[in-house]
Amino acid sequence: MPDSAMWTNASHQAGSVLPVVPEGGGGTRRVVLFGPPGSGKTTAAGALGRQSGLPVLRLAPGPQDARVACAGLLELALALPALPAARELTAALDGTAGRSGSPDEAGRALRLRRLTAALLREAPPVTLVVDNAQWLDHASAAVLGWALRLTPDLPVIAVERVWRPGAAGHWCGEDTCAVRIPPLTTPQIAALLSPYRLAPREVARIHAHSGGNPALALALADASRPLADREGESESALPPTARRLVGEWLGEVPAQVQELLTFAALDDRPDLELLGRLAGPAAESLLAQAEAAGLFDIGRANGSVRFTASAIGTELVTRLPGDARRLLHARLAEASHDSVRRDRHTVLAADVTDPRSAHRAARAAVRARQRGDHALAAELSFLAAQRTSHDHGELFTERALTAVRDAAHYGDLPRGRAAARLVLGHDATPEQCVDALITLIDASGRHLHGADELFAAALHTAAGRPGLTAQVLIRQSIWANVSEGDPRRACALAGQATALAETVGDTTTTVMALTMQARLQRVLGHTDAETTLGRALSLPRAASIPVNGTPQHLAARHALFDDRPDEARTVLLPLLVEAERAGDAEATVDILRSLAEAELRAGRCARALHHADRAQALTDGTALSAAPACYTSALVAGTARRTDLALVHARRGVDTARQEDNKVFLSRNLFALGHLLLATGRPKEALEVLEEVRALEELQQVGDPSVLRWHPELAETFVALGRLDQAQSLLDDTRRTADELGRDAVIPPLERVQALLDAARGHYDTAARRLTDAADRLRHLPLERGRTLLALSHTERRGRRRASARIAAQRAADLFTVHQAHPWAETAVHTLGRLEATPTDHNARPRLTPAEQRCAELAAAGASNRDIATALTVSVKTVEATLTRVYRKLGLHSRFQLAHTVTPARE
């Protein structure tokens, strides 16, 4: 069976998914498209039929036709009424439907075969499409199969739900090509659902719930209410249309298969061993049927099993009455080979009022937490809270708070909200209520809805208690910075929190408030940021502070800002161990991201990729915002893997941050996107993106140029587009700010761009000296040094010092290769190859004069003739004449060709 990805690709068009398949159908005239209900088989068949260039003759039997003998043949005859063979076939079928076993049955069958073959031969050139072929009656399938053997040139496309060729092969013919319709990817589902304007995380949830089935995804998105969150031990029922689709899907397998799938739906991590214990020798056959129907994916190498769409499991569980569900959980408890999961099933099999089940759930949650299974710990601790009697006041509150914390650690926001409601709805102390509210705020992160009301409730509850109020103010500070984009207000709130915590001697809260205050002071460009951070570092650190909120983590971030990656790495590695042991998913992602940036700055690309991939995988596996991990993935992939993949990460991060109104990571992802566009020779696109970064940073009042280094990237874009005065102004302003704040780390990249600006003005010697000095200052940052050497090579080439240019390019290529910065290594090798061409080479490009070279570079970068004239201080007519000479010398005819022949000044 060919790879289905070669056959079907989905794109968004007018709210539907349009399959695109290659011409010729892979060299075969007989194709069977199969897949579950709603997968887009009919649309795919229509697209493939149109690609043949022939009219489509479509048969579409229904469920009622499957029980009527020869119904399919009658539909075929009625579709071609003008042909004599069709009239003969209709007459032969008259009175035949529904009859079998008569004495002349054999003769009638032979006549039907002969007439059907004659009809197919008489028919004009068409492509026969049989939709819903699973309902083609047996007699028609047999006759068609015989007739199609006599008409081998007739293209046939059959559409059915499950590939069941049988012992004698498929009725389409022996050389039939079977193609499974693949599920849509997350970007394709996002395109399909774009009219609904859903947040990226909601699109991701619908993709997981639907398994990429387009009809099911639309049913979930089109429901009268949003896709409900899980709250407790079961998931909400699907909307009616989705239930009908999943019901049709499940109807493809017998009841025994559905029962086994129900067991899988009730277990949080089913595997082949568990299902084998439950079903015995029949398990393999039952699972094969589920897999053939597209309901289940089986990892035979590791024994894993999972539903292709989580909605299948949801529907199976929803169908079960409570008593039946408890009985199945009891059987699962007997069959389970894992003690913690056995306890889970035992709890779910027990009566909800049984106090022993609450104790068992709490005990199992501890064991799950200890072994790092935080998803299971969140479920079990919530079960323990739910099943604890309210009469046990302190115990109930303690278990509910534990459930809130476990859910927060795993990023399970719906369960965290449900657990917080348990605390707030009980007779809890103000400290306990504020604890629950703060934990909920921390768990919700960028997904927090109704923030004003939640903060108001927390402040009201904390009134008269300075320590509690300070804790709430710290969260308000975070919210003001990230979502409101107002670091000044955020810094003031953090300062108030510090003062309140100090008045009551609350060291833990003081450390958290000082850390937040220092973070914001650095962003705003306050010179006392390091003093504030030093105060936080001097105080004892409490274990209750999230690892990513500690002053130690902030100190590592500041070390990164100041280009001290090894120092940052030394601090971050033990913090990573702490975050993982605590099971704090958000903290773990933050530490992994910081480590990835540290390793990248130090030139350890393989390690950076490892940390970035882990952060991305953990983010995608929880309810955390994708924007932070996407930013890091874009930076690392663009340097160490592939720029096309990096662009995907950056654009996803931008989209997510816009949807969540996260201004901090909108700036960062836009910066990553602009950097990648510039690096891939698209300065016009980069300019638009980087200008938005500048506007956002100004809106957020970011005063420190070391926090996000968009300044040299935007200045380089200006140079590439010939806007030299704008580049100079930006460089001067940034250098002045960096000098005032003592941010020496910002200077070398600015020097690199200043050199490019000098070279653009024809001052090649000055530019080369500036680049050589900058490269010497960047010995501890090999990748930045490599970029600077590439710029030096380009400058030396423009100054006609080819030998020096080759040396610089070779040094850059060596650096990038050794440090596994693959995209940059390719750029350096390409530069070196151009330099090694000699004028005697028959493939060597004709030499351009300096004026022609500069004019060609600006044009290749996308500058207009007027922009080039302004940059070079010449007339537009002079530019036109110069470009005419360039085209003639290089044998080119358009700017498109010029852009692929002349490398613009990137470095």
# chains A, B, ... in the order shown; residues from 1 in each chain; ligands from 1
call {"tool": "residues_around", "arguments": {"residues": "Arg244 of chain A", "least_positions_apart": "2", "cutoff": "12 Å", "atoms": "only C-alpha atoms", "output": "PDB file with C-alpha atoms, in the first residue's frame"}}
result
ATOM      1  CA  PRO A  37     -16.921   8.338   8.305  1.00  0.00           C
ATOM      2  CA  GLY A  38     -16.199  12.046   7.896  1.00  0.00           C
ATOM      3  CA  ALA A 215     -16.213  16.254   9.725  1.00  0.00           C
ATOM      4  CA  LEU A 216     -15.734  15.452  13.399  1.00  0.00           C
ATOM      5  CA  ALA A 219     -18.949  19.099  14.482  1.00  0.00           C
ATOM      6  CA  LEU A 220     -16.934  19.879  17.606  1.00  0.00           C
ATOM      7  CA  ALA A 237     -20.592  14.120  26.358  1.00  0.00           C
ATOM      8  CA  LEU A 238     -19.934  15.066  22.766  1.00  0.00           C
ATOM      9  CA  PRO A 239     -22.335  17.381  20.923  1.00  0.00           C
ATOM     10  CA  PRO A 240     -25.091  15.484  19.034  1.00  0.00           C
ATOM     11  CA  THR A 241     -23.571  15.713  15.539  1.00  0.00           C
ATOM     12  CA  ALA A 242     -20.223  14.500  16.832  1.00  0.00           C
ATOM     13  CA  VAL A 246     -18.492   8.625  16.202  1.00  0.00           C
ATOM     14  CA  GLY A 247     -21.440   6.237  16.471  1.00  0.00           C
ATOM     15  CA  GLU A 248     -21.218   5.501  12.726  1.00  0.00           C
ATOM     16  CA  TRP A 249     -17.487   4.974  13.103  1.00  0.00           C
ATOM     17  CA  LEU A 250     -17.942   2.539  15.980  1.00  0.00           C
ATOM     18  CA  GLY A 251     -20.688   0.790  14.023  1.00  0.00           C
ATOM     19  CA  ALA A 311     -13.625  11.542  21.052  1.00  0.00           C
ATOM     20  CA  ILE A 312     -14.013   7.798  20.457  1.00  0.00           C
ATOM     21  CA  GLU A 315     -18.290   8.472  23.458  1.00  0.00           C
TER      22      GLU A 315
END
call {"tool": "residues_around", "arguments": {"residues": "segment 353-365 of chain A", "least_positions_apart": "6", "cutoff": "7 Å", "atoms": "only C-alpha atoms", "output": "list in words"}}
result
Val340, Asp343, Arg344, Val347, Ala377, Leu380, Ser381, Leu383, Ala384, Arg387 and Thr388 of chain A
call {"tool": "write_last_selection", "arguments": {"atoms": "C-alpha atoms", "output": "PDB file, in the first residue's frame"}}
result
ATOM      1  CA  VAL A 340      -1.148   2.708  41.277  1.00  0.00           C
ATOM      2  CA  ASP A 343      -5.840   1.551  42.977  1.00  0.00           C
ATOM      3  CA  ARG A 344      -7.304   4.051  40.508  1.00  0.00           C
ATOM      4  CA  VAL A 347     -11.501   3.734  43.581  1.00  0.00           C
ATOM      5  CA  ALA A 377      -1.442  12.203  40.482  1.00  0.00           C
ATOM      6  CA  LEU A 380      -6.151  10.723  41.899  1.00  0.00           C
ATOM      7  CA  SER A 381      -5.801  13.700  44.239  1.00  0.00           C
ATOM      8  CA  LEU A 383     -10.782  11.928  43.278  1.00  0.00           C
ATOM      9  CA  ALA A 384      -9.571  11.900  46.869  1.00  0.00           C
ATOM     10  CA  ARG A 387     -14.819  11.510  47.845  1.00  0.00           C
ATOM     11  CA  THR A 388     -13.848  13.033  51.182  1.00  0.00           C
TER      12      THR A 388
END
call {"tool": "closest_residue", "arguments": {"among": "A:Gly525, A:Pro540, A:Pro487, A:Gly638", "to": "Lys663 of chain A", "atoms": "only C-alpha atoms"}}
result
A:Pro487
call {"tool": "residues_around", "arguments": {"residues": "segment 135-139 of chain A", "least_positions_apart": "2", "cutoff": "7 Å", "atoms": "only C-alpha atoms", "output": "list of chain:residue names"}}
result
A:Pro61, A:Gly62, A:Pro63, A:Asp65, A:Ala66, A:Arg67, A:Val68, A:Ala69, A:Cys70, A:Ala71, A:Gly72, A:Asn132, A:Ala133, A:Ala141, A:Ala142, A:Val143
call {"tool": "residues_around", "arguments": {"residues": "Pro125 of chain A", "least_positions_apart": "6", "cutoff": "12 Å", "atoms": "only C-alpha atoms", "output": "PyMOL selection string"}}
result
chain A and resi 52-57+119+151+153-156
call {"tool": "select_by_dssp", "arguments": {"residues": "segment 148-320 of chain A", "states": "helix (DSSP H, G or I)", "output": "PDB file with C-alpha atoms, in the first residue's frame"}}
result
ATOM      1  CA  LEU A 148     -14.294  -4.759 -15.074  1.00  0.00           C
ATOM      2  CA  ARG A 149     -11.831  -7.495 -15.942  1.00  0.00           C
ATOM      3  CA  THR A 186      -2.966  20.490  13.194  1.00  0.00           C
ATOM      4  CA  PRO A 187      -2.217  23.306  10.672  1.00  0.00           C
ATOM      5  CA  GLN A 188      -4.770  21.810   8.276  1.00  0.00           C
ATOM      6  CA  ILE A 189      -7.394  21.623  11.031  1.00  0.00           C
ATOM      7  CA  ALA A 190      -6.539  25.237  11.905  1.00  0.00           C
ATOM      8  CA  ALA A 191      -7.170  26.223   8.272  1.00  0.00           C
ATOM      9  CA  LEU A 192     -10.428  24.275   8.214  1.00  0.00           C
ATOM     10  CA  SER A 194     -10.368  29.437  10.622  1.00  0.00           C
ATOM     11  CA  PRO A 195     -13.916  30.885  10.229  1.00  0.00           C
ATOM     12  CA  TYR A 196     -14.564  30.013  13.890  1.00  0.00           C
ATOM     13  CA  PRO A 200      -4.624  27.942  18.905  1.00  0.00           C
ATOM     14  CA  ARG A 201      -4.908  25.817  22.043  1.00  0.00           C
ATOM     15  CA  GLU A 202      -8.609  25.198  21.274  1.00  0.00           C
ATOM     16  CA  VAL A 203      -7.674  24.173  17.734  1.00  0.00           C
ATOM     17  CA  ALA A 204      -5.076  21.804  19.167  1.00  0.00           C
ATOM     18  CA  ARG A 205      -7.678  20.304  21.519  1.00  0.00           C
ATOM     19  CA  ILE A 206     -10.161  19.821  18.685  1.00  0.00           C
ATOM     20  CA  HIS A 207      -7.426  18.216  16.578  1.00  0.00           C
ATOM     21  CA  ALA A 208      -6.663  15.745  19.371  1.00  0.00           C
ATOM     22  CA  HIS A 209     -10.351  15.124  20.068  1.00  0.00           C
ATOM     23  CA  SER A 210     -11.168  14.573  16.382  1.00  0.00           C
ATOM     24  CA  PRO A 214     -12.499  16.926   9.259  1.00  0.00           C
ATOM     25  CA  ALA A 215     -16.213  16.254   9.725  1.00  0.00           C
ATOM     26  CA  LEU A 216     -15.734  15.452  13.399  1.00  0.00           C
ATOM     27  CA  ALA A 217     -13.587  18.565  13.892  1.00  0.00           C
ATOM     28  CA  LEU A 218     -16.287  20.720  12.307  1.00  0.00           C
ATOM     29  CA  ALA A 219     -18.949  19.099  14.482  1.00  0.00           C
ATOM     30  CA  LEU A 220     -16.934  19.879  17.606  1.00  0.00           C
ATOM     31  CA  ALA A 221     -16.255  23.457  16.517  1.00  0.00           C
ATOM     32  CA  PRO A 240     -25.091  15.484  19.034  1.00  0.00           C
ATOM     33  CA  THR A 241     -23.571  15.713  15.539  1.00  0.00           C
ATOM     34  CA  ALA A 242     -20.223  14.500  16.832  1.00  0.00           C
ATOM     35  CA  ARG A 243     -21.904  11.639  18.690  1.00  0.00           C
ATOM     36  CA  ARG A 244     -23.642  10.555  15.491  1.00  0.00           C
ATOM     37  CA  LEU A 245     -20.367  10.558  13.536  1.00  0.00           C
ATOM     38  CA  VAL A 246     -18.492   8.625  16.202  1.00  0.00           C
ATOM     39  CA  GLY A 247     -21.440   6.237  16.471  1.00  0.00           C
ATOM     40  CA  GLU A 248     -21.218   5.501  12.726  1.00  0.00           C
ATOM     41  CA  TRP A 249     -17.487   4.974  13.103  1.00  0.00           C
ATOM     42  CA  LEU A 250     -17.942   2.539  15.980  1.00  0.00           C
ATOM     43  CA  ALA A 255     -19.965  -5.409  19.888  1.00  0.00           C
ATOM     44  CA  GLN A 256     -17.010  -7.480  21.182  1.00  0.00           C
ATOM     45  CA  VAL A 257     -14.566  -4.983  19.678  1.00  0.00           C
ATOM     46  CA  GLN A 258     -16.493  -2.058  21.143  1.00  0.00           C
ATOM     47  CA  GLU A 259     -16.388  -3.686  24.581  1.00  0.00           C
ATOM     48  CA  LEU A 260     -12.607  -4.072  24.404  1.00  0.00           C
ATOM     49  CA  LEU A 261     -12.280  -0.459  23.258  1.00  0.00           C
ATOM     50  CA  THR A 262     -14.408   0.605  26.214  1.00  0.00           C
ATOM     51  CA  PHE A 263     -11.883  -0.994  28.562  1.00  0.00           C
ATOM     52  CA  ALA A 264      -9.162   1.015  26.813  1.00  0.00           C
ATOM     53  CA  ALA A 265     -11.223   4.198  27.207  1.00  0.00           C
ATOM     54  CA  LEU A 266     -11.585   3.644  30.951  1.00  0.00           C
ATOM     55  CA  LEU A 272      -1.536  -4.562  24.656  1.00  0.00           C
ATOM     56  CA  GLU A 273      -0.713  -6.576  27.760  1.00  0.00           C
ATOM     57  CA  LEU A 274      -3.664  -5.193  29.721  1.00  0.00           C
ATOM     58  CA  LEU A 275      -6.133  -5.654  26.858  1.00  0.00           C
ATOM     59  CA  GLY A 276      -4.795  -9.138  26.246  1.00  0.00           C
ATOM     60  CA  ARG A 277      -5.566 -10.088  29.851  1.00  0.00           C
ATOM     61  CA  LEU A 278      -9.099  -8.779  29.483  1.00  0.00           C
ATOM     62  CA  ALA A 279      -9.958 -10.336  26.111  1.00  0.00           C
ATOM     63  CA  GLY A 280      -7.831 -13.483  26.195  1.00  0.00           C
ATOM     64  CA  PRO A 281      -6.908 -15.241  22.926  1.00  0.00           C
ATOM     65  CA  ALA A 282      -9.420 -13.145  20.949  1.00  0.00           C
ATOM     66  CA  ALA A 283      -7.607  -9.891  21.772  1.00  0.00           C
ATOM     67  CA  GLU A 284      -5.364  -9.899  18.712  1.00  0.00           C
ATOM     68  CA  SER A 285      -8.252 -10.434  16.288  1.00  0.00           C
ATOM     69  CA  LEU A 286     -10.440  -7.823  18.007  1.00  0.00           C
ATOM     70  CA  LEU A 287      -7.669  -5.228  18.009  1.00  0.00           C
ATOM     71  CA  ALA A 288      -6.913  -5.924  14.349  1.00  0.00           C
ATOM     72  CA  GLN A 289     -10.539  -5.142  13.510  1.00  0.00           C
ATOM     73  CA  ALA A 290     -10.373  -1.888  15.491  1.00  0.00           C
ATOM     74  CA  GLU A 291      -7.142  -0.947  13.725  1.00  0.00           C
ATOM     75  CA  ALA A 292      -8.587  -1.753  10.285  1.00  0.00           C
ATOM     76  CA  SER A 310      -9.946  10.867  21.813  1.00  0.00           C
ATOM     77  CA  ALA A 311     -13.625  11.542  21.052  1.00  0.00           C
ATOM     78  CA  ILE A 312     -14.013   7.798  20.457  1.00  0.00           C
ATOM     79  CA  GLY A 313     -13.069   7.058  24.049  1.00  0.00           C
ATOM     80  CA  THR A 314     -15.266   9.894  25.273  1.00  0.00           C
ATOM     81  CA  GLU A 315     -18.290   8.472  23.458  1.00  0.00           C
ATOM     82  CA  LEU A 316     -17.655   4.932  24.694  1.00  0.00           C
ATOM     83  CA  VAL A 317     -17.470   6.107  28.308  1.00  0.00           C
ATOM     84  CA  THR A 318     -20.507   8.391  27.938  1.00  0.00           C
ATOM     85  CA  ARG A 319     -22.642   5.478  26.754  1.00  0.00           C
TER      86      ARG A 319
END
call {"tool": "atom_distance", "arguments": {"atom1": "atom CA of His526 of chain A", "atom2": "atom CA of Leu573 of chain A"}}
result
28.5 Å
call {"tool": "residues_around", "arguments": {"residues": "Asp486 of chain A", "least_positions_apart": "3", "cutoff": "12 Å", "atoms": "only C-alpha atoms", "output": "list in words"}}
result
Gln476, Ser477, Ile478, Trp479, Ala480, Asn481, Val482, Ser483, Arg489, Ala490, Cys491, Ala492, Leu493, Leu520, Val523, Leu524, Asn662, Lys663, Val664, Leu696, Glu697, Glu698, Leu699, Gln700, Gln701 and Val702 of chain A
call {"tool": "write_last_selection", "arguments": {"atoms": "N, CA and C atoms", "output": "PDB file, in the first residue's frame"}}
result
ATOM      1  N   GLN A 476      -0.642  39.888  40.332  1.00  0.00           N
ATOM      2  CA  GLN A 476      -1.130  41.024  39.542  1.00  0.00           C
ATOM      3  C   GLN A 476       0.003  41.670  38.753  1.00  0.00           C
ATOM      4  N   SER A 477       1.187  41.695  39.365  1.00  0.00           N
ATOM      5  CA  SER A 477       2.355  42.247  38.678  1.00  0.00           C
ATOM      6  C   SER A 477       2.684  41.434  37.433  1.00  0.00           C
ATOM      7  N   ILE A 478       2.661  40.120  37.572  1.00  0.00           N
ATOM      8  CA  ILE A 478       2.929  39.245  36.421  1.00  0.00           C
ATOM      9  C   ILE A 478       1.893  39.482  35.327  1.00  0.00           C
ATOM     10  N   TRP A 479       0.628  39.560  35.730  1.00  0.00           N
ATOM     11  CA  TRP A 479      -0.449  39.766  34.774  1.00  0.00           C
ATOM     12  C   TRP A 479      -0.310  41.110  34.052  1.00  0.00           C
ATOM     13  N   ALA A 480       0.031  42.152  34.802  1.00  0.00           N
ATOM     14  CA  ALA A 480       0.182  43.483  34.200  1.00  0.00           C
ATOM     15  C   ALA A 480       1.304  43.495  33.169  1.00  0.00           C
ATOM     16  N   ASN A 481       2.366  42.742  33.430  1.00  0.00           N
ATOM     17  CA  ASN A 481       3.498  42.723  32.510  1.00  0.00           C
ATOM     18  C   ASN A 481       3.190  41.906  31.256  1.00  0.00           C
ATOM     19  N   VAL A 482       2.680  40.686  31.452  1.00  0.00           N
ATOM     20  CA  VAL A 482       2.518  39.759  30.328  1.00  0.00           C
ATOM     21  C   VAL A 482       1.300  40.105  29.477  1.00  0.00           C
ATOM     22  N   SER A 483       0.158  40.309  30.115  1.00  0.00           N
ATOM     23  CA  SER A 483      -1.086  40.464  29.360  1.00  0.00           C
ATOM     24  C   SER A 483      -1.439  41.919  29.080  1.00  0.00           C
ATOM     25  N   ARG A 489       3.595  49.656  35.614  1.00  0.00           N
ATOM     26  CA  ARG A 489       2.596  49.301  36.619  1.00  0.00           C
ATOM     27  C   ARG A 489       2.983  47.993  37.307  1.00  0.00           C
ATOM     28  N   ALA A 490       3.467  47.043  36.525  1.00  0.00           N
ATOM     29  CA  ALA A 490       3.874  45.764  37.096  1.00  0.00           C
ATOM     30  C   ALA A 490       4.988  45.947  38.111  1.00  0.00           C
ATOM     31  N   CYS A 491       5.940  46.831  37.810  1.00  0.00           N
ATOM     32  CA  CYS A 491       7.053  47.075  38.729  1.00  0.00           C
ATOM     33  C   CYS A 491       6.558  47.745  40.011  1.00  0.00           C
ATOM     34  N   ALA A 492       5.606  48.670  39.861  1.00  0.00           N
ATOM     35  CA  ALA A 492       5.046  49.324  41.040  1.00  0.00           C
ATOM     36  C   ALA A 492       4.310  48.330  41.929  1.00  0.00           C
ATOM     37  N   LEU A 493       3.553  47.406  41.326  1.00  0.00           N
ATOM     38  CA  LEU A 493       2.852  46.380  42.098  1.00  0.00           C
ATOM     39  C   LEU A 493       3.838  45.473  42.833  1.00  0.00           C
ATOM     40  N   LEU A 520      11.520  43.288  36.354  1.00  0.00           N
ATOM     41  CA  LEU A 520      10.904  44.417  35.655  1.00  0.00           C
ATOM     42  C   LEU A 520      11.839  45.618  35.580  1.00  0.00           C
ATOM     43  N   VAL A 523      14.007  45.062  32.623  1.00  0.00           N
ATOM     44  CA  VAL A 523      13.279  45.327  31.392  1.00  0.00           C
ATOM     45  C   VAL A 523      13.170  46.826  31.137  1.00  0.00           C
ATOM     46  N   LEU A 524      12.869  47.571  32.185  1.00  0.00           N
ATOM     47  CA  LEU A 524      12.677  49.013  32.044  1.00  0.00           C
ATOM     48  C   LEU A 524      13.982  49.785  31.901  1.00  0.00           C
ATOM     49  N   ASN A 662      -0.674  37.877  24.601  1.00  0.00           N
ATOM     50  CA  ASN A 662       0.570  37.810  25.373  1.00  0.00           C
ATOM     51  C   ASN A 662       1.595  38.696  24.681  1.00  0.00           C
ATOM     52  N   LYS A 663       1.712  39.934  25.154  1.00  0.00           N
ATOM     53  CA  LYS A 663       2.548  40.898  24.465  1.00  0.00           C
ATOM     54  C   LYS A 663       4.028  40.583  24.574  1.00  0.00           C
ATOM     55  N   VAL A 664       4.438  39.998  25.699  1.00  0.00           N
ATOM     56  CA  VAL A 664       5.858  39.687  25.875  1.00  0.00           C
ATOM     57  C   VAL A 664       6.324  38.683  24.828  1.00  0.00           C
ATOM     58  N   LEU A 696       6.050  47.260  19.521  1.00  0.00           N
ATOM     59  CA  LEU A 696       5.632  46.559  20.737  1.00  0.00           C
ATOM     60  C   LEU A 696       6.574  46.848  21.899  1.00  0.00           C
ATOM     61  N   GLU A 697       7.860  46.841  21.633  1.00  0.00           N
ATOM     62  CA  GLU A 697       8.830  47.097  22.694  1.00  0.00           C
ATOM     63  C   GLU A 697       8.695  48.522  23.216  1.00  0.00           C
ATOM     64  N   GLU A 698       8.430  49.466  22.332  1.00  0.00           N
ATOM     65  CA  GLU A 698       8.211  50.843  22.778  1.00  0.00           C
ATOM     66  C   GLU A 698       6.917  50.944  23.589  1.00  0.00           C
ATOM     67  N   LEU A 699       5.878  50.231  23.140  1.00  0.00           N
ATOM     68  CA  LEU A 699       4.608  50.231  23.865  1.00  0.00           C
ATOM     69  C   LEU A 699       4.783  49.661  25.266  1.00  0.00           C
ATOM     70  N   GLN A 700       5.631  48.633  25.382  1.00  0.00           N
ATOM     71  CA  GLN A 700       5.874  48.002  26.675  1.00  0.00           C
ATOM     72  C   GLN A 700       6.976  48.708  27.474  1.00  0.00           C
ATOM     73  N   GLN A 701       7.499  49.779  26.922  1.00  0.00           N
ATOM     74  CA  GLN A 701       8.473  50.625  27.621  1.00  0.00           C
ATOM     75  C   GLN A 701       9.766  49.868  27.963  1.00  0.00           C
ATOM     76  N   VAL A 702      10.144  48.942  27.092  1.00  0.00           N
ATOM     77  CA  VAL A 702      11.374  48.192  27.325  1.00  0.00           C
ATOM     78  C   VAL A 702      12.558  49.117  27.071  1.00  0.00           C
TER      79      VAL A 702
END
call {"tool": "closest_residue", "arguments": {"among": "A:Arg736, A:Arg797, A:Arg866, A:His780", "to": "Asp765 of chain A", "atoms": "only C-alpha atoms"}}
result
A:Arg797
call {"tool": "residues_around", "arguments": {"residues": "Leu778 of chain A", "least_positions_apart": "3", "cutoff": "12 Å", "atoms": "only C-alpha atoms", "output": "JSON, numbers by chain"}}
result
{"A": [563, 564, 601, 602, 603, 744, 745, 746, 747, 748, 749, 751, 752, 771, 772, 773, 774, 775, 781, 782, 783, 784, 785, 786, 787, 788, 789]}
call {"tool": "write_last_selection", "arguments": {"atoms": "C-alpha atoms", "output": "mmCIF file, in the first residue's frame"}}
result
data_model
loop_
_atom_site.group_PDB
_atom_site.id
_atom_site.type_symbol
_atom_site.label_atom_id
_atom_site.label_comp_id
_atom_site.auth_asym_id
_atom_site.auth_seq_id
_atom_site.Cartn_x
_atom_site.Cartn_y
_atom_site.Cartn_z
ATOM 1 C CA ASP A 563 26.552 37.010 27.235
ATOM 2 C CA ARG A 564 27.775 34.804 30.066
ATOM 3 C CA ARG A 601 24.962 31.179 22.861
ATOM 4 C CA ALA A 602 27.908 28.996 23.852
ATOM 5 C CA GLY A 603 27.835 27.224 20.484
ATOM 6 C CA ASP A 744 28.832 45.896 26.840
ATOM 7 C CA ALA A 745 27.442 42.634 25.431
ATOM 8 C CA VAL A 746 25.232 44.607 23.041
ATOM 9 C CA ILE A 747 28.152 46.406 21.388
ATOM 10 C CA PRO A 748 29.717 43.686 19.130
ATOM 11 C CA PRO A 749 26.512 42.997 17.158
ATOM 12 C CA GLU A 751 29.644 46.975 15.497
ATOM 13 C CA ARG A 752 28.974 44.232 12.954
ATOM 14 C CA LEU A 771 34.675 43.546 11.924
ATOM 15 C CA THR A 772 38.081 42.131 12.840
ATOM 16 C CA ASP A 773 37.936 43.849 16.238
ATOM 17 C CA ALA A 774 34.358 42.636 16.818
ATOM 18 C CA ALA A 775 35.318 39.060 15.924
ATOM 19 C CA LEU A 781 30.440 33.239 21.491
ATOM 20 C CA PRO A 782 31.455 31.122 18.486
ATOM 21 C CA LEU A 783 28.254 31.492 16.473
ATOM 22 C CA GLU A 784 28.216 35.290 16.781
ATOM 23 C CA ARG A 785 31.889 35.227 15.875
ATOM 24 C CA GLY A 786 31.035 33.146 12.810
ATOM 25 C CA ARG A 787 28.393 35.642 11.695
ATOM 26 C CA THR A 788 30.916 38.434 12.095
ATOM 27 C CA LEU A 789 33.506 36.543 10.035
#
call {"tool": "residues_around", "arguments": {"residues": "Leu459 of chain A", "least_positions_apart": "6", "cutoff": "9 Å", "atoms": "only C-alpha atoms", "output": "number ranges by chain"}}
result
A: 434, 468-469, 472-473
